[in-house]
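Quick look at data-v1.pdb (PDB, C-alpha atoms):
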```
ATOM      1  CA  MET A   1     121.893  79.110 214.496  1.00  0.00           C
ATOM      2  CA  LYS A   2     119.500  81.841 213.386  1.00  0.00           C
ATOM      3  CA  LYS A   3     115.773  81.367 213.707  1.00  0.00           C
ATOM      4  CA  PRO A   4     114.246  79.645 210.667  1.00  0.00           C
ATOM      5  CA  VAL A   5     112.367  81.852 208.219  1.00  0.00           C
ATOM      6  CA  ILE A   6     108.818  80.788 207.320  1.00  0.00           C
ATOM      7  CA  GLY A   7     107.194  82.126 204.175  1.00  0.00           C
ATOM      8  CA  ILE A   8     103.437  82.743 204.205  1.00  0.00           C
ATOM      9  CA  SER A   9     101.549  82.925 200.917  1.00  0.00           C
ATOM     10  CA  THR A  10      99.353  86.000 200.611  1.00  0.00           C
ATOM     11  CA  SER A  11      95.994  86.839 199.080  1.00  0.00           C
ATOM     12  CA  VAL A  12      94.426  89.894 197.478  1.00  0.00           C
ATOM     13  CA  ILE A  13      91.489  91.936 198.745  1.00  0.00           C
ATOM     14  CA  VAL A  14      89.687  94.712 196.899  1.00  0.00           C
ATOM     15  CA  ASP A  15      88.492  97.738 198.897  1.00  0.00           C
ATOM     16  CA  GLN A  16      84.743  98.113 198.591  1.00  0.00           C
ATOM     17  CA  GLU A  17      84.431 101.488 200.318  1.00  0.00           C
ATOM     18  CA  GLY A  18      86.480 104.210 202.004  1.00  0.00           C
ATOM     19  CA  GLY A  19      88.800 106.527 200.115  1.00  0.00           C
ATOM     20  CA  PHE A  20      90.011 103.947 197.592  1.00  0.00           C
ATOM     21  CA  PRO A  21      87.114 101.794 196.314  1.00  0.00           C
ATOM     22  CA  GLY A  22      88.369  99.159 193.880  1.00  0.00           C
ATOM     23  CA  TYR A  23      91.932  99.393 195.261  1.00  0.00           C
ATOM     24  CA  GLU A  24      93.723  96.037 195.533  1.00  0.00           C
ATOM     25  CA  ARG A  25      95.707  95.134 198.647  1.00  0.00           C
ATOM     26  CA  ILE A  26      98.035  92.193 199.243  1.00  0.00           C
ATOM     27  CA  TYR A  27      97.478  90.746 202.716  1.00  0.00           C
ATOM     28  CA  VAL A  28      97.509  87.799 205.083  1.00  0.00           C
ATOM     29  CA  ASN A  29      95.593  87.434 208.344  1.00  0.00           C
ATOM     30  CA  LYS A  30      97.625  88.362 211.424  1.00  0.00           C
ATOM     31  CA  ASP A  31      97.033  84.947 213.076  1.00  0.00           C
ATOM     32  CA  TYR A  32      99.392  83.269 210.587  1.00  0.00           C
ATOM     33  CA  VAL A  33     102.163  85.697 211.501  1.00  0.00           C
ATOM     34  CA  SER A  34     101.510  85.344 215.242  1.00  0.00           C
ATOM     35  CA  SER A  35     101.564  81.547 215.025  1.00  0.00           C
ATOM     36  CA  VAL A  36     104.957  81.502 213.318  1.00  0.00           C
ATOM     37  CA  ILE A  37     106.446  83.916 215.853  1.00  0.00           C
ATOM     38  CA  SER A  38     105.005  81.958 218.801  1.00  0.00           C
ATOM     39  CA  ALA A  39     106.585  78.766 217.466  1.00  0.00           C
ATOM     40  CA  GLY A  40     110.033  80.387 217.392  1.00  0.00           C
ATOM     41  CA  ALA A  41     110.459  81.358 213.744  1.00  0.00           C
ATOM     42  CA  VAL A  42     110.552  84.517 211.626  1.00  0.00           C
ATOM     43  CA  PRO A  43     107.553  85.127 209.320  1.00  0.00           C
ATOM     44  CA  LEU A  44     107.999  86.451 205.793  1.00  0.00           C
ATOM     45  CA  MET A  45     104.922  87.337 203.762  1.00  0.00           C
ATOM     46  CA  ILE A  46     105.252  86.323 200.096  1.00  0.00           C
ATOM     47  CA  PRO A  47     103.515  88.839 197.803  1.00  0.00           C
ATOM     48  CA  MET A  48     101.382  87.447 194.989  1.00  0.00           C
ATOM     49  CA  ASP A  49     103.752  87.353 192.026  1.00  0.00           C
ATOM     50  CA  ALA A  50     103.667  84.774 189.241  1.00  0.00           C
ATOM     51  CA  SER A  51     107.274  85.483 188.195  1.00  0.00           C
ATOM     52  CA  GLU A  52     109.179  82.218 188.558  1.00  0.00           C
ATOM     53  CA  GLU A  53     112.490  84.074 188.813  1.00  0.00           C
ATOM     54  CA  ASN A  54     111.243  86.223 191.688  1.00  0.00           C
ATOM     55  CA  LEU A  55     109.688  83.276 193.521  1.00  0.00           C
ATOM     56  CA  ARG A  56     112.867  81.222 193.241  1.00  0.00           C
ATOM     57  CA  GLN A  57     114.843  84.068 194.822  1.00  0.00           C
ATOM     58  CA  THR A  58     112.231  84.371 197.550  1.00  0.00           C
ATOM     59  CA  LEU A  59     112.432  80.648 198.295  1.00  0.00           C
ATOM     60  CA  ASP A  60     116.205  81.005 198.718  1.00  0.00           C
ATOM     61  CA  LEU A  61     115.371  82.936 201.908  1.00  0.00           C
ATOM     62  CA  LEU A  62     113.008  80.343 203.379  1.00  0.00           C
ATOM     63  CA  ASP A  63     113.222  77.281 205.611  1.00  0.00           C
ATOM     64  CA  GLY A  64     109.528  76.430 205.410  1.00  0.00           C
ATOM     65  CA  ILE A  65     106.324  77.663 203.819  1.00  0.00           C
ATOM     66  CA  ILE A  66     102.673  78.056 204.844  1.00  0.00           C
ATOM     67  CA  PHE A  67      99.969  78.137 202.188  1.00  0.00           C
ATOM     68  CA  SER A  68      97.178  80.244 203.652  1.00  0.00           C
ATOM     69  CA  GLY A  69      93.393  80.201 203.306  1.00  0.00           C
ATOM     70  CA  GLY A  70      91.118  82.193 201.043  1.00  0.00           C
ATOM     71  CA  HIS A  71      89.397  81.866 197.660  1.00  0.00           C
ATOM     72  CA  ASP A  72      87.959  78.710 196.125  1.00  0.00           C
ATOM     73  CA  ILE A  73      90.351  77.053 193.682  1.00  0.00           C
ATOM     74  CA  ALA A  74      89.105  77.301 190.095  1.00  0.00           C
ATOM     75  CA  PRO A  75      87.598  73.866 189.308  1.00  0.00           C
ATOM     76  CA  ILE A  76      89.317  73.777 185.911  1.00  0.00           C
ATOM     77  CA  ARG A  77      92.397  72.930 187.987  1.00  0.00           C
ATOM     78  CA  TYR A  78      90.820  69.536 188.736  1.00  0.00           C
ATOM     79  CA  GLN A  79      89.094  69.071 185.375  1.00  0.00           C
ATOM     80  CA  GLU A  80      85.595  70.191 186.361  1.00  0.00           C
ATOM     81  CA  GLU A  81      83.244  72.926 185.209  1.00  0.00           C
ATOM     82  CA  PRO A  82      81.994  75.449 187.806  1.00  0.00           C
ATOM     83  CA  HIS A  83      78.990  74.375 189.858  1.00  0.00           C
ATOM     84  CA  GLN A  84      76.301  76.919 190.813  1.00  0.00           C
ATOM     85  CA  LYS A  85      77.487  76.781 194.449  1.00  0.00           C
ATOM     86  CA  LEU A  86      81.092  77.588 193.641  1.00  0.00           C
ATOM     87  CA  GLN A  87      82.122  80.774 195.431  1.00  0.00           C
ATOM     88  CA  GLU A  88      84.648  83.461 194.506  1.00  0.00           C
ATOM     89  CA  ILE A  89      87.750  82.337 192.632  1.00  0.00           C
ATOM     90  CA  CYS A  90      90.948  84.241 191.885  1.00  0.00           C
ATOM     91  CA  PRO A  91      92.806  82.878 188.841  1.00  0.00           C
ATOM     92  CA  GLU A  92      95.782  85.156 189.552  1.00  0.00           C
ATOM     93  CA  ARG A  93      96.132  83.645 193.004  1.00  0.00           C
ATOM     94  CA  ASP A  94      95.802  80.137 191.609  1.00  0.00           C
ATOM     95  CA  GLU A  95      98.629  80.828 189.176  1.00  0.00           C
ATOM     96  CA  PHE A  96     100.796  82.175 191.997  1.00  0.00           C
ATOM     97  CA  ASP A  97     100.008  79.411 194.514  1.00  0.00           C
ATOM     98  CA  PHE A  98     100.349  76.461 192.158  1.00  0.00           C
ATOM     99  CA  LEU A  99     103.704  77.709 190.887  1.00  0.00           C
ATOM    100  CA  LEU A 100     104.909  78.482 194.406  1.00  0.00           C
ATOM    101  CA  TYR A 101     103.860  75.016 195.578  1.00  0.00           C
ATOM    102  CA  ARG A 102     105.731  73.320 192.717  1.00  0.00           C
ATOM    103  CA  LEU A 103     108.902  75.301 193.400  1.00  0.00           C
ATOM    104  CA  ALA A 104     108.694  74.662 197.152  1.00  0.00           C
ATOM    105  CA  LYS A 105     108.355  70.927 196.560  1.00  0.00           C
ATOM    106  CA  GLU A 106     111.364  70.929 194.240  1.00  0.00           C
ATOM    107  CA  ARG A 107     113.429  72.089 197.225  1.00  0.00           C
ATOM    108  CA  LYS A 108     111.668  69.759 199.662  1.00  0.00           C
ATOM    109  CA  LEU A 109     110.812  72.741 201.841  1.00  0.00           C
ATOM    110  CA  PRO A 110     108.640  71.886 204.846  1.00  0.00           C
ATOM    111  CA  ILE A 111     105.056  72.664 203.800  1.00  0.00           C
ATOM    112  CA  LEU A 112     102.002  73.449 205.906  1.00  0.00           C
ATOM    113  CA  GLY A 113      98.733  74.005 204.026  1.00  0.00           C
ATOM    114  CA  ILE A 114      95.759  75.557 205.826  1.00  0.00           C
ATOM    115  CA  CYS A 115      92.170  75.585 204.480  1.00  0.00           C
ATOM    116  CA  ARG A 116      92.626  76.713 200.857  1.00  0.00           C
ATOM    117  CA  GLY A 117      96.290  75.748 201.259  1.00  0.00           C
ATOM    118  CA  PHE A 118      95.204  72.227 202.227  1.00  0.00           C
ATOM    119  CA  GLN A 119      92.955  72.063 199.159  1.00  0.00           C
ATOM    120  CA  LEU A 120      95.766  73.467 197.010  1.00  0.00           C
ATOM    121  CA  MET A 121      98.042  70.642 198.134  1.00  0.00           C
ATOM    122  CA  ASN A 122      95.423  68.048 197.274  1.00  0.00           C
ATOM    123  CA  VAL A 123      94.637  69.472 193.827  1.00  0.00           C
ATOM    124  CA  SER A 124      98.331  70.018 193.019  1.00  0.00           C
ATOM    125  CA  GLU A 125      98.941  66.342 193.744  1.00  0.00           C
ATOM    126  CA  GLY A 126      96.120  65.222 191.418  1.00  0.00           C
ATOM    127  CA  GLY A 127      93.173  65.106 193.831  1.00  0.00           C
ATOM    128  CA  LYS A 128      89.689  66.575 193.422  1.00  0.00           C
ATOM    129  CA  LEU A 129      87.318  68.664 195.530  1.00  0.00           C
ATOM    130  CA  TYR A 130      83.602  68.793 196.180  1.00  0.00           C
ATOM    131  CA  GLN A 131      82.736  72.271 194.944  1.00  0.00           C
ATOM    132  CA  ASP A 132      80.223  72.435 197.786  1.00  0.00           C
ATOM    133  CA  LEU A 133      79.572  70.179 200.773  1.00  0.00           C
ATOM    134  CA  SER A 134      75.975  69.715 199.613  1.00  0.00           C
ATOM    135  CA  LEU A 135      77.332  67.668 196.687  1.00  0.00           C
ATOM    136  CA  LYS A 136      78.611  64.913 198.989  1.00  0.00           C
ATOM    137  CA  ASP A 137      76.657  61.650 198.920  1.00  0.00           C
ATOM    138  CA  THR A 138      76.075  61.802 202.665  1.00  0.00           C
ATOM    139  CA  GLU A 139      74.953  64.641 204.911  1.00  0.00           C
ATOM    140  CA  SER A 140      77.636  66.843 206.445  1.00  0.00           C
ATOM    141  CA  PHE A 141      77.958  68.764 209.665  1.00  0.00           C
ATOM    142  CA  LYS A 142      77.937  72.545 209.665  1.00  0.00           C
ATOM    143  CA  HIS A 143      81.456  73.333 208.475  1.00  0.00           C
ATOM    144  CA  SER A 144      81.019  77.101 208.214  1.00  0.00           C
ATOM    145  CA  GLN A 145      80.609  77.760 211.904  1.00  0.00           C
ATOM    146  CA  GLY A 146      78.592  80.738 213.031  1.00  0.00           C
ATOM    147  CA  HIS A 147      80.848  81.291 216.034  1.00  0.00           C
ATOM    148  CA  GLY A 148      84.103  83.073 216.766  1.00  0.00           C
ATOM    149  CA  PRO A 149      87.230  81.680 215.083  1.00  0.00           C
ATOM    150  CA  SER A 150      88.822  80.691 218.397  1.00  0.00           C
ATOM    151  CA  ILE A 151      85.996  78.270 219.283  1.00  0.00           C
ATOM    152  CA  PRO A 152      86.456  74.588 218.310  1.00  0.00           C
ATOM    153  CA  THR A 153      83.061  73.326 217.119  1.00  0.00           C
ATOM    154  CA  HIS A 154      83.461  69.732 215.938  1.00  0.00           C
ATOM    155  CA  THR A 155      85.494  66.572 216.434  1.00  0.00           C
ATOM    156  CA  ALA A 156      88.154  65.186 214.099  1.00  0.00           C
ATOM    157  CA  LYS A 157      89.565  61.674 214.250  1.00  0.00           C
ATOM    158  CA  VAL A 158      93.320  61.315 213.716  1.00  0.00           C
ATOM    159  CA  GLU A 159      94.697  58.275 211.887  1.00  0.00           C
ATOM    160  CA  ALA A 160      96.958  56.129 214.068  1.00  0.00           C
ATOM    161  CA  GLY A 161     100.436  55.757 212.592  1.00  0.00           C
ATOM    162  CA  SER A 162     100.276  59.027 210.654  1.00  0.00           C
ATOM    163  CA  LYS A 163     102.709  61.940 211.072  1.00  0.00           C
ATOM    164  CA  PHE A 164      99.727  63.971 212.184  1.00  0.00           C
ATOM    165  CA  HIS A 165      99.188  61.482 214.992  1.00  0.00           C
ATOM    166  CA  ASP A 166     102.883  61.668 215.884  1.00  0.00           C
ATOM    167  CA  ILE A 167     102.576  65.449 216.200  1.00  0.00           C
ATOM    168  CA  LEU A 168      99.426  65.454 218.311  1.00  0.00           C
ATOM    169  CA  GLY A 169      99.921  62.269 220.322  1.00  0.00           C
ATOM    170  CA  LYS A 170      96.190  61.551 220.291  1.00  0.00           C
ATOM    171  CA  GLU A 171      93.483  60.054 218.098  1.00  0.00           C
ATOM    172  CA  GLU A 172      90.816  62.723 218.512  1.00  0.00           C
ATOM    173  CA  ILE A 173      90.848  66.528 218.522  1.00  0.00           C
ATOM    174  CA  ARG A 174      88.374  69.399 218.398  1.00  0.00           C
ATOM    175  CA  VAL A 175      88.697  71.883 215.531  1.00  0.00           C
ATOM    176  CA  ASN A 176      87.125  75.044 214.172  1.00  0.00           C
ATOM    177  CA  SER A 177      85.539  75.080 210.723  1.00  0.00           C
ATOM    178  CA  PHE A 178      85.232  77.747 207.999  1.00  0.00           C
ATOM    179  CA  HIS A 179      84.773  76.094 204.612  1.00  0.00           C
ATOM    180  CA  HIS A 180      82.051  75.062 202.176  1.00  0.00           C
ATOM    181  CA  GLN A 181      84.167  72.684 200.069  1.00  0.00           C
ATOM    182  CA  ALA A 182      85.868  69.390 200.870  1.00  0.00           C
ATOM    183  CA  VAL A 183      88.289  66.830 199.482  1.00  0.00           C
ATOM    184  CA  LYS A 184      86.535  64.442 197.098  1.00  0.00           C
ATOM    185  CA  SER A 185      89.519  62.264 196.179  1.00  0.00           C
ATOM    186  CA  VAL A 186      93.271  62.088 196.769  1.00  0.00           C
ATOM    187  CA  SER A 187      96.082  60.825 194.570  1.00  0.00           C
ATOM    188  CA  GLU A 188      98.531  58.059 195.378  1.00  0.00           C
ATOM    189  CA  ASN A 189     100.970  60.762 196.553  1.00  0.00           C
ATOM    190  CA  VAL A 190      98.715  61.739 199.453  1.00  0.00           C
ATOM    191  CA  VAL A 191      97.623  60.033 202.682  1.00  0.00           C
ATOM    192  CA  ILE A 192      94.461  61.024 204.558  1.00  0.00           C
ATOM    193  CA  SER A 193      95.421  61.459 208.204  1.00  0.00           C
ATOM    194  CA  GLY A 194      92.318  63.028 209.750  1.00  0.00           C
ATOM    195  CA  ARG A 195      88.546  63.111 209.224  1.00  0.00           C
ATOM    196  CA  ALA A 196      85.531  64.734 210.824  1.00  0.00           C
ATOM    197  CA  LEU A 197      82.917  62.318 212.140  1.00  0.00           C
ATOM    198  CA  ASP A 198      80.814  62.990 209.021  1.00  0.00           C
ATOM    199  CA  GLY A 199      83.670  61.734 206.828  1.00  0.00           C
ATOM    200  CA  VAL A 200      84.941  65.117 205.650  1.00  0.00           C
ATOM    201  CA  VAL A 201      88.723  65.019 205.276  1.00  0.00           C
ATOM    202  CA  GLU A 202      90.401  67.293 207.831  1.00  0.00           C
ATOM    203  CA  ALA A 203      94.104  66.441 207.341  1.00  0.00           C
ATOM    204  CA  ILE A 204      96.354  65.056 204.609  1.00  0.00           C
ATOM    205  CA  GLU A 205     100.070  64.279 204.333  1.00  0.00           C
ATOM    206  CA  LEU A 206     102.468  63.980 201.435  1.00  0.00           C
ATOM    207  CA  LYS A 207     103.982  60.520 201.005  1.00  0.00           C
ATOM    208  CA  ASP A 208     107.768  60.207 200.958  1.00  0.00           C
ATOM    209  CA  TYR A 209     108.275  63.864 201.838  1.00  0.00           C
ATOM    210  CA  PRO A 210     110.153  65.288 204.842  1.00  0.00           C
ATOM    211  CA  PHE A 211     107.253  67.461 206.118  1.00  0.00           C
ATOM    212  CA  GLY A 212     104.128  68.033 204.046  1.00  0.00           C
ATOM    213  CA  LEU A 213     100.961  68.480 206.111  1.00  0.00           C
ATOM    214  CA  GLY A 214      97.637  70.029 205.137  1.00  0.00           C
ATOM    215  CA  VAL A 215      94.685  70.769 207.439  1.00  0.00           C
ATOM    216  CA  GLN A 216      91.194  71.888 206.465  1.00  0.00           C
ATOM    217  CA  PHE A 217      90.630  73.747 209.747  1.00  0.00           C
ATOM    218  CA  HIS A 218      92.403  76.875 211.020  1.00  0.00           C
ATOM    219  CA  PRO A 219      94.974  76.054 213.738  1.00  0.00           C
ATOM    220  CA  GLU A 220      96.404  79.578 213.540  1.00  0.00           C
ATOM    221  CA  MET A 221      93.123  80.890 214.972  1.00  0.00           C
ATOM    222  CA  LEU A 222      93.219  78.399 217.854  1.00  0.00           C
ATOM    223  CA  GLN A 223      96.882  78.069 218.827  1.00  0.00           C
ATOM    224  CA  GLU A 224      96.858  80.767 221.514  1.00  0.00           C
ATOM    225  CA  LYS A 225      94.392  78.776 223.618  1.00  0.00           C
ATOM    226  CA  GLU A 226      94.609  75.203 222.300  1.00  0.00           C
ATOM    227  CA  GLU A 227      97.772  73.173 222.907  1.00  0.00           C
ATOM    228  CA  ASP A 228      96.932  70.688 220.134  1.00  0.00           C
ATOM    229  CA  MET A 229      96.939  73.486 217.578  1.00  0.00           C
ATOM    230  CA  ARG A 230     100.180  74.903 218.942  1.00  0.00           C
ATOM    231  CA  LYS A 231     101.815  71.481 218.468  1.00  0.00           C
ATOM    232  CA  ILE A 232     101.219  71.720 214.706  1.00  0.00           C
ATOM    233  CA  PHE A 233     103.253  74.909 214.409  1.00  0.00           C
ATOM    234  CA  VAL A 234     105.955  73.700 216.792  1.00  0.00           C
ATOM    235  CA  ALA A 235     106.424  70.526 214.718  1.00  0.00           C
ATOM    236  CA  PHE A 236     106.443  72.526 211.494  1.00  0.00           C
ATOM    237  CA  VAL A 237     109.091  74.942 212.790  1.00  0.00           C
ATOM    238  CA  ALA A 238     111.155  72.001 214.056  1.00  0.00           C
ATOM    239  CA  ALA A 239     111.122  70.598 210.510  1.00  0.00           C
ATOM    240  CA  ALA A 240     112.170  74.035 209.223  1.00  0.00           C
ATOM    241  CA  LYS A 241     115.119  74.032 211.622  1.00  0.00           C
ATOM    242  CA  GLN A 242     116.209  70.648 210.264  1.00  0.00           C
ATOM    243  CA  TYR A 243     115.947  71.991 206.726  1.00  0.00           C
ATOM    244  CA  GLN A 244     117.927  75.078 207.741  1.00  0.00           C
ATOM    245  CA  GLY A 245     120.665  72.892 209.174  1.00  0.00           C
ATOM    246  CA  LYS A 246     121.084  71.083 205.847  1.00  0.00           C
ATOM    247  CA  LYS A 247     121.500  74.232 203.732  1.00  0.00           C
TER     248      LYS A 247
END
```

As structure tokens - that is how I would like this structure written.
Amino acid sequence: MKKPVIGISTSVIVDQEGGFPGYERIYVNKDYVSSVISAGAVPLMIPMDASEENLRQTLDLLDGIIFSGGHDIAPIRYQEEPHQKLQEICPERDEFDFLLYRLAKERKLPILGICRGFQLMNVSEGGKLYQDLSLKDTESFKHSQGHGPSIPTHTAKVEAGSKFHDILGKEEIRVNSFHHQAVKSVSENVVISGRALDGVVEAIELKDYPFGLGVQFHPEMLQEKEEDMRKIFVAFVAAAKQYQGKK
């Protein structure tokens, strides 16, 4: 059997200087690609394209999909007006990601959402976000760490009996943190499977779905050194192999 192919959603960045100021580039951070390769799969970057026909043909090639980090999701997506502490949004990326997520779910593709991808999963399923951690009722830890990305800075508790717990085999892990928003509420389609000690949701799972996991932290930045983070990608690729075998 060939290695499974894992799609990775991309973002857009605008050059601010150099020879092409204002020039748009489609990209994804290298750590996502490295994590997929290390787990035994083939990465395929999915360019931002809101054409349903093109995305359906792209998904024909895939055995799993990662929704990557990046911009804040426009709050209109969860029926709120923008707060003063909302950061940069990208409506074009929202259109692309929400469509891609819907089409991936139709096929029951294994899904792994990371940071923005985790929030995308929650909002797509009917949940809401705090537009900034300062809007929570209780005080939060520092979730935008001022340290290197490969340094775990806070603890997360893992819910016993969850798929996340099955993957990790433990009830507590250390994670990195690069976000200013958080899950406010989840729908009945979603289970919370991990929280920071300040109550911030760190992991969710889709109910009645073969493999649908979202994490607020960045395991792709930690997996080279941290076995717990590597387990996430190994389990995800294993699910992709099962999907591949059923094609």

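For the file shown, the residue list from the PyMOL selection byres ((chain A and resi 215-232) around 6) reads Asp31, Tyr32, Ser35, Ile114, Cys115, Phe118, Pro149, Ser150, Asn176, Ser177, Glu202, Ala203, Gly214, Phe233, Val234 and Ala235 of chain A.
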
Quiz item: Is there a way to get, as a PyMOL selection string, all residues within 9 Å of the point (94.5, 65.9, 190.5) in file coordinates, counting only C-alpha atoms?
Solution: chain A and resi 77-79+122-128+185-187

Find the residues of range 95-123 of chain A that sit at most 12 Å from range 237-244 of chain A; for each, write down the nearest two atoms and how far apart they are in Å, to one decimal. Count only C-alpha atoms. Sort by chain, then by number going up, and give it as JSON lines.
```
{"residue": "A:Arg107", "atom": "CA", "partner": "A:Tyr243", "partner_atom": "CA", "distance": 9.8}
{"residue": "A:Lys108", "atom": "CA", "partner": "A:Tyr243", "partner_atom": "CA", "distance": 8.6}
{"residue": "A:Leu109", "atom": "CA", "partner": "A:Tyr243", "partner_atom": "CA", "distance": 7.1}
{"residue": "A:Pro110", "atom": "CA", "partner": "A:Ala240", "partner_atom": "CA", "distance": 6.0}
{"residue": "A:Ile111", "atom": "CA", "partner": "A:Ala240", "partner_atom": "CA", "distance": 9.0}
{"residue": "A:Leu112", "atom": "CA", "partner": "A:Val237", "partner_atom": "CA", "distance": 10.0}
```

Practice problem: Write out as an MDAnalysis selection string which residues come within 9 Å of Phe98 in chain A when counting all atoms listed in the file, dropping same-chain ones fewer than 3 positions away. | Solution: chainID A and resid 93:95 101:103 120:121 124

Exercise. List the residues selected by the PyMOL selection byres ((chain A and resi 189-195) around 7) in the file shown, writing them as an MDAnalysis selection string.
Key: chainID A and resid 125 156:159 162 164 186:188 196:197 199:207

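Take the PyMOL selection byres ((chain A and resi 137-148) around 7) and apply it to this file: it picks Leu133, Leu135, Lys136, Pro149, Ser150, Ile151, Ser177, Phe178, His179, His180 and Asp198 of chain A.
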
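With only C-alpha atoms taken into account, every residue lying no more than 7 Å from the file point (101.6, 81.7, 197.2) is included here: Ser9, Thr10, Ile46, Met48, Phe67, Phe96, Asp97 and Leu100 of chain A.
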
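Note that CA of Ser11 in chain A and CA of Ile76 in chain A are 19.7 Å apart.
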
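CA of Asp63 in chain A is found 5.9 Å from CA of Ile6 in chain A.
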
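Nearest residue to Ser38 in chain A, choosing from A:Glu171, A:Gln119, A:Glu92, A:Lys3 and counting all atoms listed in the file: A:Lys3.
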
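Distances from A:His154, A:Glu81, A:Asp132, A:Met45 to Leu61 in chain A were compared using only C-alpha atoms, and the smallest one belongs to A:Met45.
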
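Among the candidates A:Val14, A:Leu213, A:Thr58, A:Ser51, the one nearest to Ile167 in chain A when counting only C-alpha atoms is A:Leu213.
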
What box, with edges along x, y and z, holds each listed atom of range 208-225 of chain A when 8 Å is added on every side, and can you state its centre and edge lengths in Å to one decimal, as JSON?
```
{"center_x": 100.4, "center_y": 70.5, "center_z": 212.3, "size_x": 35.5, "size_y": 36.7, "size_z": 38.7}
```

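Coordinates place CA of Gly40 in chain A at a distance of 24.8 Å from CA of Ile26 in chain A.
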
Reconstruct N, CA and C atoms of range 94-112 of chain A from the incomplete input and present them as a tab-separated table (two decimals), in the coordinates of the input.
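Ended up saving to selection35.tsv:
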```tsv
chain	number	residue	atom	x	y	z
A	94	ASP	N	95.55	81.53	191.97
A	94	ASP	CA	95.80	80.14	191.61
A	94	ASP	C	97.14	80.01	190.89
A	95	GLU	N	97.37	80.89	189.93
A	95	GLU	CA	98.63	80.83	189.18
A	95	GLU	C	99.83	80.98	190.10
A	96	PHE	N	99.73	81.93	191.02
A	96	PHE	CA	100.80	82.18	192.00
A	96	PHE	C	100.99	80.98	192.92
A	97	ASP	N	99.91	80.48	193.52
A	97	ASP	CA	100.01	79.41	194.51
A	97	ASP	C	100.49	78.10	193.91
A	98	PHE	N	99.96	77.74	192.76
A	98	PHE	CA	100.35	76.46	192.16
A	98	PHE	C	101.81	76.48	191.74
A	99	LEU	N	102.29	77.59	191.22
A	99	LEU	CA	103.70	77.71	190.89
A	99	LEU	C	104.56	77.68	192.15
A	100	LEU	N	104.15	78.44	193.15
A	100	LEU	CA	104.91	78.48	194.41
A	100	LEU	C	104.98	77.10	195.05
A	101	TYR	N	103.88	76.37	195.01
A	101	TYR	CA	103.86	75.02	195.58
A	101	TYR	C	104.84	74.11	194.83
A	102	ARG	N	104.82	74.16	193.50
A	102	ARG	CA	105.73	73.32	192.72
A	102	ARG	C	107.19	73.63	193.05
A	103	LEU	N	107.52	74.91	193.13
A	103	LEU	CA	108.90	75.30	193.40
A	103	LEU	C	109.32	74.93	194.82
A	104	ALA	N	108.39	75.05	195.77
A	104	ALA	CA	108.69	74.66	197.15
A	104	ALA	C	108.95	73.16	197.25
A	105	LYS	N	108.16	72.38	196.52
A	105	LYS	CA	108.36	70.93	196.56
A	105	LYS	C	109.68	70.52	195.92
A	106	GLU	N	110.08	71.23	194.89
A	106	GLU	CA	111.36	70.93	194.24
A	106	GLU	C	112.51	70.98	195.25
A	107	ARG	N	112.39	71.89	196.21
A	107	ARG	CA	113.43	72.09	197.22
A	107	ARG	C	113.20	71.24	198.47
A	108	LYS	N	112.07	70.54	198.49
A	108	LYS	CA	111.67	69.76	199.66
A	108	LYS	C	111.54	70.63	200.91
A	109	LEU	N	111.09	71.85	200.71
A	109	LEU	CA	110.81	72.74	201.84
A	109	LEU	C	109.70	72.15	202.70
A	110	PRO	N	109.78	72.25	204.01
A	110	PRO	CA	108.64	71.89	204.85
A	110	PRO	C	107.42	72.71	204.44
A	111	ILE	N	106.28	72.03	204.29
A	111	ILE	CA	105.06	72.66	203.80
A	111	ILE	C	103.94	72.44	204.81
A	112	LEU	N	103.22	73.53	205.11
A	112	LEU	CA	102.00	73.45	205.91
A	112	LEU	C	100.90	74.17	205.13
```
